[in-house]
>>> print(open('coords-v3.txt').read())   # compact mmCIF, C-alpha atoms
# COMPACT_ATOMS: atom_id res chain seq x y z
CA MET R 1 0.00 0.00 0.00
CA ARG R 2 1.65 3.25 -1.13
CA ILE R 3 0.25 6.62 -0.28
CA PRO R 4 2.25 9.57 -1.61
CA ARG R 5 3.76 11.66 1.18
CA GLY R 6 1.66 14.73 1.80
CA GLU R 7 2.14 18.12 3.35
CA LEU R 8 1.63 18.02 7.11
CA ARG R 9 -1.15 20.43 8.06
CA ARG R 10 -1.36 19.69 11.77
CA SER R 11 -0.68 16.95 14.27
CA ARG R 12 -2.25 16.82 17.70
CA VAL R 13 -3.66 14.50 20.32
CA VAL R 14 -7.44 14.57 20.40
CA ASP R 15 -9.91 12.98 22.80
CA ASP R 16 -12.10 11.71 20.06
CA ALA R 17 -11.50 10.81 16.42
CA ALA R 18 -14.87 12.41 15.61
CA ALA R 19 -13.47 15.93 16.02
CA VAL R 20 -10.79 15.26 13.42
CA LEU R 21 -13.16 13.60 10.97
CA ARG R 22 -15.58 16.49 11.33
CA ALA R 23 -12.85 19.09 10.73
CA VAL R 24 -11.60 17.20 7.68
CA LEU R 25 -15.14 17.01 6.33
CA ASP R 26 -15.65 20.74 6.89
CA GLU R 27 -12.40 21.75 5.22
CA GLU R 28 -12.97 19.23 2.39
CA LEU R 29 -9.49 17.81 2.77
CA THR R 30 -7.96 15.79 0.00
CA GLY R 31 -5.15 13.83 1.61
CA TYR R 32 -4.86 11.54 4.58
CA VAL R 33 -4.92 11.40 8.37
CA VAL R 34 -2.62 9.15 10.37
CA PHE R 35 -4.30 7.97 13.58
CA GLU R 36 -2.19 6.74 16.48
CA PRO R 37 -4.24 5.71 19.53
CA GLN R 38 -2.37 6.78 22.68
CA ASP R 39 -3.67 4.06 24.99
CA ALA R 40 -1.95 1.40 22.94
CA LEU R 41 1.24 3.42 23.13
CA LEU R 42 1.11 3.35 26.91
CA LEU R 43 0.86 -0.42 26.79
CA GLY R 44 4.03 -0.49 24.71
CA GLU R 45 2.25 -1.38 21.52
CA THR R 46 2.18 0.57 18.31
CA THR R 47 -1.20 0.96 16.70
CA ARG R 48 -1.35 3.17 13.67
CA GLY R 49 -3.67 3.53 10.77
CA VAL R 50 -4.33 5.79 7.84
CA VAL R 51 -7.57 7.05 6.37
CA THR R 52 -7.45 8.84 3.03
CA PHE R 53 -9.95 11.49 1.95
CA GLU R 54 -11.22 13.05 -1.22
CA ASP R 55 -12.87 16.43 -0.66
CA GLY R 56 -13.39 15.52 3.00
CA ILE R 57 -14.99 12.14 2.29
CA PRO R 58 -13.14 9.02 3.51
CA VAL R 59 -12.01 6.68 0.70
CA LEU R 60 -9.50 4.15 2.05
CA ALA R 61 -8.49 2.77 5.41
CA TYR R 62 -5.27 0.94 6.11
CA ASP R 63 -3.77 -0.46 9.31
CA THR R 64 -0.06 0.20 8.78
CA GLU R 65 1.07 -2.10 11.58
CA ARG R 66 -0.93 -5.16 10.64
CA GLU R 67 -0.89 -4.26 6.95
CA VAL R 68 -4.61 -4.81 6.60
CA GLY R 69 -6.85 -2.54 4.57
CA GLY R 70 -10.54 -1.77 4.23
CA ARG R 71 -13.01 -2.22 7.05
CA ASP R 72 -10.85 -4.83 8.79
CA GLY R 73 -7.97 -2.40 8.66
CA LEU R 74 -10.09 0.34 10.19
CA GLU R 75 -10.98 -1.85 13.12
CA GLY R 76 -7.31 -2.39 13.86
CA PHE R 77 -6.91 1.18 15.02
CA ALA R 78 -10.41 1.71 16.42
CA VAL R 79 -9.13 2.09 19.95
CA THR R 80 -11.07 4.33 22.32
CA GLY R 81 -9.42 7.13 24.21
CA PRO R 82 -7.04 9.85 23.08
CA THR R 83 -5.49 9.46 19.66
CA ARG R 84 -2.81 11.40 17.84
CA ALA R 85 -4.10 12.60 14.49
CA ALA R 86 -1.73 13.94 11.85
CA VAL R 87 -3.55 15.62 8.99
CA HIS R 88 -1.77 15.71 5.61
CA ALA R 89 -2.83 17.28 2.33
CA VAL R 90 -2.04 15.52 -0.96
CA ASP R 91 -2.77 16.45 -4.53
CA ALA R 92 -5.85 14.58 -5.75
CA ALA R 93 -4.06 13.27 -8.86
CA ALA R 94 -1.31 11.78 -6.69
CA LEU R 95 -3.86 9.82 -4.67
CA ALA R 96 -5.74 8.47 -7.68
CA ASP R 97 -3.64 5.29 -8.04
CA ALA R 98 -3.89 4.36 -4.38
CA HIS R 99 -7.63 4.97 -4.45
CA GLU R 100 -8.05 2.31 -7.09
CA VAL R 101 -7.14 -0.46 -4.64
CA GLU R 102 -10.68 -1.74 -4.30
CA ALA R 103 -9.98 -4.02 -1.33
CA PHE R 104 -8.93 -1.11 0.86
CA ARG R 105 -11.91 1.11 0.11
CA ILE R 106 -14.48 1.80 2.82
CA PRO R 107 -18.00 3.25 2.79
CA PRO R 108 -17.90 7.03 3.48
CA GLY R 109 -19.52 6.89 6.93
CA GLU R 110 -17.45 4.00 8.21
CA PRO R 111 -14.55 5.87 9.90
CA ALA R 112 -16.98 8.04 11.92
CA ARG R 113 -18.87 4.94 12.90
CA VAL R 114 -15.98 2.59 13.67
CA LEU R 115 -13.33 5.02 14.99
CA ALA R 116 -15.66 7.35 16.86
CA GLY R 117 -19.01 5.59 17.25
CA ASP R 118 -20.57 8.78 15.92
CA GLU R 119 -23.62 7.81 13.93
CA ARG R 120 -24.69 11.37 13.28
CA LEU R 121 -21.34 12.31 11.81
CA ALA R 122 -21.44 9.13 9.73
CA GLU R 123 -24.77 10.24 8.29
CA GLN R 124 -23.51 13.76 7.65
CA THR R 125 -20.51 12.33 5.85
CA VAL R 126 -22.66 10.09 3.69
CA ASP R 127 -24.95 13.04 2.91
CA ALA R 128 -21.96 15.11 1.81
CA ALA R 129 -20.53 12.30 -0.35
CA PRO R 130 -20.96 12.15 -4.14
CA ALA R 131 -24.09 10.23 -5.18
CA ALA R 132 -22.12 7.23 -6.39
CA ARG R 133 -20.48 6.80 -3.01
CA ARG R 134 -23.63 7.28 -0.98
CA GLU R 135 -24.79 3.86 -2.12
CA GLU R 136 -21.91 2.19 -0.35
CA GLY R 137 -24.19 1.60 2.59
CA ARG R 138 -23.66 0.69 6.13
CA ASP R 139 -23.62 -3.01 6.61
CA GLN R 140 -23.37 -4.84 9.83
CA SER R 141 -20.62 -7.23 8.88
CA ALA R 142 -17.99 -5.31 10.86
CA VAL R 143 -19.96 -5.57 14.09
CA GLU R 144 -20.86 -9.19 13.44
CA ALA R 145 -17.25 -10.08 12.66
CA PHE R 146 -16.13 -8.32 15.84
CA LEU R 147 -18.62 -10.29 17.94
CA ASP R 148 -17.63 -13.53 16.24
CA ASP R 149 -14.01 -13.11 17.25
CA THR R 150 -14.28 -14.72 20.67
CA ASP R 151 -10.53 -14.57 21.31
CA ALA R 152 -10.39 -10.83 20.71
CA ILE R 153 -13.42 -10.29 22.94
CA GLU R 154 -11.92 -12.39 25.70
CA GLU R 155 -8.77 -10.29 25.43
CA ILE R 156 -10.77 -7.07 25.85
CA ARG R 157 -12.53 -8.55 28.85
CA SER R 158 -9.47 -9.89 30.60
CA GLU R 159 -7.59 -6.63 30.05
CA ALA R 160 -10.53 -4.72 31.54
CA ARG R 161 -10.61 -7.09 34.51
CA GLU R 162 -6.93 -6.59 35.19
CA GLU R 163 -7.29 -2.83 34.76
CA ALA R 164 -10.28 -2.75 37.14
CA ARG R 165 -8.31 -4.60 39.80
CA ALA R 166 -5.20 -2.49 39.38
CA ARG R 167 -7.22 0.70 39.64
CA ALA R 168 -9.23 -0.53 42.60
CA SER R 169 -5.98 -0.95 44.38
CA GLU R 170 -4.81 2.50 43.31
CA TRP R 171 -8.07 4.09 44.47
CA GLY R 172 -8.34 2.23 47.76
CA LEU R 173 -11.40 0.29 46.59
CA ASP R 174 -9.79 -3.14 47.15
CA ASP R 175 -12.18 -3.90 49.94
CA VAL R 176 -15.24 -3.73 47.73
CA LEU R 177 -13.86 -6.00 45.02
CA ALA R 178 -15.82 -9.21 44.64
CA ASP R 179 -14.19 -12.47 45.65
CA ASP R 180 -14.90 -14.28 42.46
CA ALA R 181 -14.34 -11.48 40.00
CA GLY R 182 -11.91 -12.32 37.27
CA ASP R 183 -10.34 -15.64 36.64
CA SER R 184 -6.73 -14.70 37.05
CA ALA R 185 -5.25 -16.81 39.79
CA ALA R 186 -2.30 -14.45 40.01
CA ILE R 187 -4.50 -11.76 41.48
CA GLU R 188 -5.16 -11.94 45.15
CA PRO R 189 -8.89 -11.77 45.72
CA GLY R 190 -10.27 -9.04 47.94
CA THR R 191 -13.18 -9.46 50.28
CA ASP R 192 -16.67 -8.40 49.38
CA SER R 193 -17.57 -6.15 52.24
CA ARG R 194 -20.10 -3.97 50.45
CA MET Y 1 -36.01 -0.27 48.65
CA VAL Y 2 -35.91 -2.94 46.03
CA GLU Y 3 -32.94 -2.41 43.81
CA ALA Y 4 -30.34 0.12 42.65
CA PHE Y 5 -29.34 0.12 38.98
CA ALA Y 6 -26.44 2.00 37.44
CA VAL Y 7 -27.20 2.94 33.84
CA ALA Y 8 -23.80 2.74 32.19
CA SER Y 9 -22.21 2.75 28.77
CA GLY Y 10 -18.52 3.50 29.03
CA LYS Y 11 -18.76 5.63 25.93
CA GLY Y 12 -20.51 8.95 25.44
CA GLY Y 13 -23.21 9.56 22.89
CA THR Y 14 -25.12 6.33 23.38
CA GLY Y 15 -28.08 8.16 24.94
CA LYS Y 16 -27.49 7.11 28.52
CA THR Y 17 -29.28 10.04 30.16
CA THR Y 18 -32.23 9.72 27.78
CA SER Y 19 -32.33 6.01 28.63
CA THR Y 20 -32.11 6.59 32.38
CA LEU Y 21 -35.07 8.97 32.41
CA ALA Y 22 -37.08 6.85 29.97
CA LEU Y 23 -36.57 3.69 32.04
CA GLY Y 24 -37.32 5.72 35.16
CA MET Y 25 -40.61 7.05 33.84
CA ALA Y 26 -41.67 3.62 32.61
CA LEU Y 27 -40.76 1.93 35.91
CA ALA Y 28 -42.59 4.68 37.80
CA GLU Y 29 -45.85 3.14 36.57
CA ASP Y 30 -45.28 0.32 39.08
CA TYR Y 31 -42.63 1.54 41.49
CA ASP Y 32 -41.46 4.54 43.46
CA VAL Y 33 -38.51 5.58 41.35
CA THR Y 34 -35.63 7.88 42.25
CA VAL Y 35 -33.23 8.98 39.52
CA ILE Y 36 -29.84 10.37 40.53
CA ASP Y 37 -27.44 12.16 38.20
CA ALA Y 38 -24.31 10.38 39.39
CA ASP Y 39 -22.26 11.86 36.55
CA THR Y 40 -20.96 14.54 38.91
CA GLY Y 41 -18.33 15.81 36.49
CA MET Y 42 -20.61 16.36 33.52
CA ALA Y 43 -24.11 17.13 34.72
CA ASN Y 44 -26.61 16.52 32.00
CA LEU Y 45 -29.73 15.12 33.54
CA LEU Y 46 -31.01 18.49 34.76
CA PHE Y 47 -31.35 19.70 31.15
CA HIS Y 48 -33.31 16.59 30.22
CA ALA Y 49 -35.68 16.98 33.14
CA GLY Y 50 -36.40 20.72 32.98
CA LEU Y 51 -34.38 21.37 36.13
CA ASP Y 52 -31.91 23.90 34.69
CA ASP Y 53 -32.76 26.34 37.47
CA ALA Y 54 -32.72 23.88 40.37
CA ASP Y 55 -31.52 25.71 43.50
CA VAL Y 56 -30.12 22.75 45.37
CA THR Y 57 -28.41 19.87 43.55
CA LEU Y 58 -26.43 16.75 44.39
CA HIS Y 59 -23.28 18.90 44.45
CA ASP Y 60 -24.64 20.77 47.47
CA LEU Y 61 -25.07 17.46 49.28
CA LEU Y 62 -21.48 16.51 48.53
CA VAL Y 63 -19.90 19.68 49.89
CA ASP Y 64 -19.03 19.59 53.56
CA GLU Y 65 -19.76 23.14 54.60
CA ARG Y 66 -23.12 23.42 52.87
CA ASP Y 67 -25.92 22.62 55.17
CA ALA Y 68 -28.37 21.16 52.68
CA ALA Y 69 -30.74 18.34 53.55
CA VAL Y 70 -30.93 15.47 51.07
CA SER Y 71 -34.62 16.18 50.55
CA ASP Y 72 -33.75 19.72 49.34
CA ALA Y 73 -32.12 18.23 46.25
CA VAL Y 74 -35.02 15.92 45.42
CA TYR Y 75 -37.48 17.22 42.82
CA GLU Y 76 -40.73 15.50 42.00
CA ARG Y 77 -40.91 15.49 38.23
CA PHE Y 78 -42.75 13.32 35.71
CA GLY Y 79 -43.84 10.86 38.39
CA MET Y 80 -40.30 10.31 39.65
CA SER Y 81 -38.05 11.74 42.30
CA VAL Y 82 -35.17 13.38 40.46
CA VAL Y 83 -31.85 14.38 42.03
CA PRO Y 84 -29.99 16.53 39.50
CA CYS Y 85 -26.33 17.43 39.60
CA GLY Y 86 -25.16 21.01 39.20
CA THR Y 87 -23.02 22.28 36.34
CA SER Y 88 -20.57 24.40 38.33
CA LEU Y 89 -17.00 23.17 38.01
CA ALA Y 90 -16.11 24.89 41.29
CA ALA Y 91 -18.85 22.95 43.07
CA PHE Y 92 -17.62 19.73 41.47
CA GLU Y 93 -14.11 20.39 42.71
CA ALA Y 94 -15.33 21.20 46.22
CA ALA Y 95 -17.55 18.11 46.28
CA ASP Y 96 -16.47 15.06 48.21
CA PRO Y 97 -17.79 12.17 46.16
CA GLY Y 98 -17.26 9.92 49.17
CA ARG Y 99 -20.43 11.46 50.52
CA LEU Y 100 -22.33 10.02 47.56
CA ARG Y 101 -22.57 6.76 49.46
CA ASP Y 102 -24.40 8.42 52.36
CA VAL Y 103 -26.70 10.34 50.02
CA VAL Y 104 -27.53 7.17 48.10
CA ALA Y 105 -28.12 5.29 51.36
CA GLU Y 106 -30.56 7.94 52.55
CA LEU Y 107 -32.42 8.04 49.24
CA ALA Y 108 -32.49 4.25 49.07
CA ALA Y 109 -34.48 4.05 52.29
CA ASP Y 110 -37.52 5.79 50.77
CA THR Y 111 -37.75 4.42 47.26
CA ASP Y 112 -38.32 1.19 45.36
CA VAL Y 113 -35.98 1.61 42.45
CA LEU Y 114 -32.87 3.78 42.31
CA LEU Y 115 -31.44 4.63 38.91
CA LEU Y 116 -27.93 6.08 38.82
CA ASP Y 117 -27.06 7.88 35.59
CA SER Y 118 -23.37 6.98 35.47
CA PRO Y 119 -20.43 8.80 33.89
CA ALA Y 120 -19.33 7.71 30.42
CA ALA Y 121 -15.84 6.99 31.69
CA LEU Y 122 -13.89 4.62 33.88
CA GLY Y 123 -10.85 6.74 34.54
CA SER Y 124 -11.52 7.99 38.06
CA LYS Y 125 -12.90 6.80 41.35
CA SER Y 126 -15.89 9.09 41.12
CA ALA Y 127 -16.68 7.69 37.66
CA VAL Y 128 -16.60 4.10 38.90
CA LEU Y 129 -18.43 4.70 42.17
CA PRO Y 130 -21.99 4.41 40.78
CA VAL Y 131 -21.13 0.99 39.37
CA VAL Y 132 -19.63 0.00 42.74
CA LEU Y 133 -22.70 1.13 44.69
CA ALA Y 134 -25.36 -0.34 42.39
CA ASP Y 135 -26.84 -3.83 42.66
CA ARG Y 136 -26.82 -4.30 38.91
CA ILE Y 137 -26.00 -2.36 35.76
CA VAL Y 138 -28.04 -1.69 32.67
CA VAL Y 139 -25.66 -1.33 29.73
CA VAL Y 140 -26.70 1.12 27.01
CA LEU Y 141 -25.07 0.24 23.69
CA GLN Y 142 -25.12 1.27 20.09
CA PRO Y 143 -24.62 -1.54 17.59
CA THR Y 144 -21.09 -0.36 16.74
CA VAL Y 145 -17.68 -1.84 17.47
CA PRO Y 146 -16.44 0.95 19.80
CA SER Y 147 -19.67 1.01 21.76
CA LEU Y 148 -19.74 -2.77 22.22
CA SER Y 149 -16.10 -2.78 23.16
CA ASP Y 150 -16.60 -0.07 25.80
CA GLY Y 151 -19.74 -1.77 27.05
CA LEU Y 152 -17.74 -4.94 27.64
CA LYS Y 153 -15.19 -2.95 29.63
CA VAL Y 154 -17.83 -1.34 31.85
CA GLN Y 155 -19.32 -4.75 32.47
CA GLU Y 156 -15.96 -6.17 33.56
CA TYR Y 157 -15.46 -3.26 35.94
CA ALA Y 158 -18.92 -3.82 37.38
CA HIS Y 159 -18.39 -7.56 37.77
CA SER Y 160 -15.09 -6.89 39.52
CA TYR Y 161 -17.10 -5.14 42.22
CA GLY Y 162 -19.72 -7.88 42.36
CA THR Y 163 -22.25 -5.82 40.38
CA ASP Y 164 -24.10 -8.01 37.89
CA THR Y 165 -25.61 -7.09 34.54
CA ALA Y 166 -29.40 -6.74 34.50
CA GLY Y 167 -29.55 -6.33 30.75
CA VAL Y 168 -28.55 -4.49 27.63
CA VAL Y 169 -30.41 -1.75 25.75
CA PHE Y 170 -29.46 -1.24 22.10
CA ASN Y 171 -30.08 2.43 21.54
CA ARG Y 172 -30.12 4.76 18.53
CA VAL Y 173 -30.60 1.86 16.15
CA GLN Y 174 -30.77 2.85 12.47
CA PRO Y 175 -33.81 1.87 10.39
CA ASP Y 176 -31.79 -0.42 8.12
CA GLU Y 177 -30.13 -2.26 10.96
CA ASN Y 178 -31.31 -5.61 12.14
CA VAL Y 179 -30.11 -5.79 15.70
CA ASP Y 180 -31.46 -9.29 16.31
CA ARG Y 181 -28.37 -11.01 15.01
CA ILE Y 182 -26.01 -8.63 16.83
CA ALA Y 183 -28.05 -8.98 20.04
CA GLU Y 184 -27.86 -12.75 19.76
CA GLN Y 185 -24.08 -12.62 19.34
CA ALA Y 186 -23.64 -9.99 22.07
CA GLY Y 187 -25.77 -12.10 24.41
CA ARG Y 188 -22.89 -14.55 24.61
CA TYR Y 189 -20.77 -11.92 26.34
CA PHE Y 190 -23.21 -9.67 28.15
CA GLY Y 191 -25.10 -10.82 31.21
CA GLY Y 192 -28.83 -10.39 31.68
CA GLN Y 193 -31.00 -10.10 28.63
CA THR Y 194 -31.48 -7.81 25.67
CA LEU Y 195 -34.05 -5.43 27.10
CA ALA Y 196 -34.90 -3.57 23.90
CA SER Y 197 -33.75 -2.26 20.58
CA VAL Y 198 -34.58 1.44 20.56
CA PRO Y 199 -34.80 3.11 17.14
CA GLU Y 200 -33.00 6.39 16.45
CA SER Y 201 -35.62 9.10 16.75
CA ASP Y 202 -35.85 12.83 16.15
CA ALA Y 203 -38.20 12.98 19.12
CA VAL Y 204 -35.22 12.38 21.44
CA ARG Y 205 -33.55 15.62 20.37
CA ALA Y 206 -36.82 17.51 20.49
CA ALA Y 207 -37.46 16.21 24.02
CA ARG Y 208 -34.04 17.34 25.15
CA ARG Y 209 -34.65 20.82 23.69
CA GLU Y 210 -37.92 21.00 25.54
CA GLY Y 211 -36.36 19.85 28.80
CA LYS Y 212 -38.62 16.83 29.09
CA PRO Y 213 -37.92 13.10 29.23
CA LEU Y 214 -38.75 11.31 25.99
CA LEU Y 215 -41.74 9.52 27.53
CA ALA Y 216 -43.26 12.85 28.57
CA HIS Y 217 -42.50 14.66 25.32
CA ALA Y 218 -43.45 11.94 22.83
CA PRO Y 219 -45.11 9.04 24.65
CA ASP Y 220 -46.30 7.50 21.38
CA ASP Y 221 -42.96 7.62 19.61
CA PRO Y 222 -41.58 4.16 18.69
CA ALA Y 223 -38.47 4.90 20.79
CA ALA Y 224 -40.70 5.54 23.83
CA ASP Y 225 -42.48 2.23 23.20
CA ALA Y 226 -39.14 0.44 23.09
CA PHE Y 227 -38.04 1.95 26.41
CA ARG Y 228 -41.32 0.88 28.01
CA GLU Y 229 -40.68 -2.61 26.69
CA ALA Y 230 -37.18 -2.52 28.21
CA ALA Y 231 -38.57 -1.47 31.60
CA ALA Y 232 -41.16 -4.25 31.48
CA ARG Y 233 -38.44 -6.83 30.83
CA LEU Y 234 -36.32 -5.60 33.71
CA ASP Y 235 -36.91 -8.08 36.52
CA VAL Y 236 -36.68 -5.74 39.48
CA ARG Y 237 -35.72 -7.89 42.43
CA ASP Y 238 -37.21 -7.69 45.86
CA GLY Y 239 -34.74 -6.82 48.50
CA ASP Y 240 -34.74 -5.87 52.11
CA GLY Y 241 -34.57 -2.10 52.27
CA ARG Y 242 -32.60 -2.10 55.47
CA ASP Y 243 -29.99 -4.44 54.02
CA VAL Y 244 -29.48 -2.24 51.04
CA ALA Y 245 -29.20 0.96 53.04
CA GLU Y 246 -26.83 -0.81 55.40
CA ARG Y 247 -24.73 -2.01 52.50
CA PHE Y 248 -24.37 1.49 51.13
CA LYS Y 249 -23.36 2.70 54.55
CA SER Y 250 -20.75 0.02 54.94
CA ALA Y 251 -19.36 0.34 51.44
CA VAL Y 252 -15.76 1.33 51.79
CA VAL Y 253 -15.38 4.61 50.04
CA PRO Y 254 -12.18 6.56 50.42
CA GLU Y 255 -12.19 10.11 51.69
CA ARG Y 256 -11.04 11.79 48.53
CA ILE Y 257 -11.99 10.71 45.05
>>> encode(input="coords-v3.txt", output="structure tokens")
Amino acid sequence: MRIPRGELRRSRVVDDAAAVLRAVLDEELTGYVVFEPQDALLLGETTRGVVTFEDGIPVLAYDTEREVGGRDGLEGFAVTGPTRAAVHAVDAAALADAHEVEAFRIPPGEPARVLAGDERLAEQTVDAAPAARREEGRDQSAVEAFLDDTDAIEEIRSEAREEARARASEWGLDDVLADDAGDSAAIEPGTDSR
Amino acid sequence: MVEAFAVASGKGGTGKTTSTLALGMALAEDYDVTVIDADTGMANLLFHAGLDDADVTLHDLLVDERDAAVSDAVYERFGMSVVPCGTSLAAFEAADPGRLRDVVAELAADTDVLLLDSPAALGSKSAVLPVVLADRIVVVLQPTVPSLSDGLKVQEYAHSYGTDTAGVVFNRVQPDENVDRIAEQAGRYFGGQTLASVPESDAVRAARREGKPLLAHAPDDPAADAFREAAARLDVRDGDGRDVAERFKSAVVPERI
């Protein structure tokens, strides 16, 4: 996947990918945004993905770490919490070749929906898209595929359990932790004294 | 007192406050319901319940030097007792969220069902406290990957504190979405049951503008019907009021949150 290097317009950490997508839509950017979720960074992992735009409308998504494109690629960097977003402008002609990679294309509303969970912005984006692109509808396969991936879900759950226990300890809430919460034997159970 | 529910989502924008008030109004048909805006950092409920000009709010009950009685912050609205939270950042900073436990204990003594509108975050003690204090959570989700992912996280936090899942509400569902399949898949991971699939509705925004809960503003809207269905499916459990109040009192809550 080759995207021509663009001119960096701005790069900042934002709380929500929606703000960036909205700004890009408003300014009708032709170029790309590199998203780097900061939570993953804290865990020592690199998660990074690129979304390209034509006149503010998303065209392609690509997970640069896993080298996966399209909707699956988008999900790779759909991490909640603060994300660094670097906005680059590229000449439309220079992007034309990359935009022909059919497998990496995404429906216009998909980044708002998957990266930010912002249905309204997704609709606004679809409304602003050229007629031909508006037909690339929302389908549920991404959500269904996510829910089918039992290993990935178990990972989310066990990470959340560990995080909850670590924070309980940090906040002095150890005493109200349930005895049987979590299945990690390495964690010493607290007593349920609620 | 029968049961305390935290209405939680982990992610903003799922319509948690709308859901809390809608479930509250529907449950108020059969129960004495008290709704508390436990999102002390980002008060929202007062705007939804026409209480923008409330003199005394939950914040006043959480500040040491203010001599407000709990009953001063309780407003009878739309068939429910509503305890709004104020919007002043200074009041939030002066508030001692540890006192939330005592406030909840006092309110619990005089009501059947307590609904805690919980913060859309898990990053601080005050954000997690409603989930710690509640008997069970109601998870409000949108059928999207980030929302489901955050809902799973909230549920794990709740379970860590022995708080079970009463059920899941799919909210803001688009007309072309068939949530049945997603609900069936999600049911493998979420406890309780799928309480309802609530369609996206313009009436929700209009209700918010008018400062009324959805069920008061547009009782015949399909979204209102879905929330009533959710409330009917919620199996509110009988409990001993004294036990519950006692539990809140004994919950270990640190001094500073």
>>> interface_residues(input="coords-v3.txt", of="chain R", to="chain Y", cutoff="9 Å", atoms="all atoms listed in the file", output="PyMOL selection string")
chain R and resi 75+78-80+113-119+138-140+142-144+146-148+153-154+156-161+163-165+167-168+171-182+192-194
>>> write_last_selection(input="coords-v3.txt", atoms="C-alpha atoms", output="mmCIF file, in the frame of the given file")
data_model
loop_
_atom_site.group_PDB
_atom_site.id
_atom_site.type_symbol
_atom_site.label_atom_id
_atom_site.label_comp_id
_atom_site.auth_asym_id
_atom_site.auth_seq_id
_atom_site.Cartn_x
_atom_site.Cartn_y
_atom_site.Cartn_z
ATOM 1 C CA GLU R 75 -10.980 -1.850 13.120
ATOM 2 C CA ALA R 78 -10.410 1.710 16.420
ATOM 3 C CA VAL R 79 -9.130 2.090 19.950
ATOM 4 C CA THR R 80 -11.070 4.330 22.320
ATOM 5 C CA ARG R 113 -18.870 4.940 12.900
ATOM 6 C CA VAL R 114 -15.980 2.590 13.670
ATOM 7 C CA LEU R 115 -13.330 5.020 14.990
ATOM 8 C CA ALA R 116 -15.660 7.350 16.860
ATOM 9 C CA GLY R 117 -19.010 5.590 17.250
ATOM 10 C CA ASP R 118 -20.570 8.780 15.920
ATOM 11 C CA GLU R 119 -23.620 7.810 13.930
ATOM 12 C CA ARG R 138 -23.660 0.690 6.130
ATOM 13 C CA ASP R 139 -23.620 -3.010 6.610
ATOM 14 C CA GLN R 140 -23.370 -4.840 9.830
ATOM 15 C CA ALA R 142 -17.990 -5.310 10.860
ATOM 16 C CA VAL R 143 -19.960 -5.570 14.090
ATOM 17 C CA GLU R 144 -20.860 -9.190 13.440
ATOM 18 C CA PHE R 146 -16.130 -8.320 15.840
ATOM 19 C CA LEU R 147 -18.620 -10.290 17.940
ATOM 20 C CA ASP R 148 -17.630 -13.530 16.240
ATOM 21 C CA ILE R 153 -13.420 -10.290 22.940
ATOM 22 C CA GLU R 154 -11.920 -12.390 25.700
ATOM 23 C CA ILE R 156 -10.770 -7.070 25.850
ATOM 24 C CA ARG R 157 -12.530 -8.550 28.850
ATOM 25 C CA SER R 158 -9.470 -9.890 30.600
ATOM 26 C CA GLU R 159 -7.590 -6.630 30.050
ATOM 27 C CA ALA R 160 -10.530 -4.720 31.540
ATOM 28 C CA ARG R 161 -10.610 -7.090 34.510
ATOM 29 C CA GLU R 163 -7.290 -2.830 34.760
ATOM 30 C CA ALA R 164 -10.280 -2.750 37.140
ATOM 31 C CA ARG R 165 -8.310 -4.600 39.800
ATOM 32 C CA ARG R 167 -7.220 0.700 39.640
ATOM 33 C CA ALA R 168 -9.230 -0.530 42.600
ATOM 34 C CA TRP R 171 -8.070 4.090 44.470
ATOM 35 C CA GLY R 172 -8.340 2.230 47.760
ATOM 36 C CA LEU R 173 -11.400 0.290 46.590
ATOM 37 C CA ASP R 174 -9.790 -3.140 47.150
ATOM 38 C CA ASP R 175 -12.180 -3.900 49.940
ATOM 39 C CA VAL R 176 -15.240 -3.730 47.730
ATOM 40 C CA LEU R 177 -13.860 -6.000 45.020
ATOM 41 C CA ALA R 178 -15.820 -9.210 44.640
ATOM 42 C CA ASP R 179 -14.190 -12.470 45.650
ATOM 43 C CA ASP R 180 -14.900 -14.280 42.460
ATOM 44 C CA ALA R 181 -14.340 -11.480 40.000
ATOM 45 C CA GLY R 182 -11.910 -12.320 37.270
ATOM 46 C CA ASP R 192 -16.670 -8.400 49.380
ATOM 47 C CA SER R 193 -17.570 -6.150 52.240
ATOM 48 C CA ARG R 194 -20.100 -3.970 50.450
#
>>> atom_distance(input="coords-v3.txt", atom1="atom CA of Glu100 of chain R", atom2="atom CA of Arg134 of chain R")
17.5 Å
>>> atom_distance(input="coords-v3.txt", atom1="atom CA of Ala22 of chain Y", atom2="atom CA of Arg120 of chain R")
21.3 Å
>>> atom_distance(input="coords-v3.txt", atom1="atom CA of Val101 of chain R", atom2="atom CA of Ala132 of chain R")
16.9 Å
>>> closest_residue(input="coords-v3.txt", among="Y:Val103, Y:Val56, Y:Ile137, Y:Ala28", to="Thr87 of chain Y", atoms="all atoms listed in the file")
Y:Val56
>>> closest_residue(input="coords-v3.txt", among="R:Arg71, R:Arg66, R:Arg5, R:Arg22", to="Ala128 of chain R", atoms="only C-alpha atoms")
R:Arg22
>>> closest_residue(input="coords-v3.txt", among="R:Asp151, R:Glu36, R:Asp55, R:Asp97", to="Val14 of chain R", atoms="only C-alpha atoms")
R:Glu36
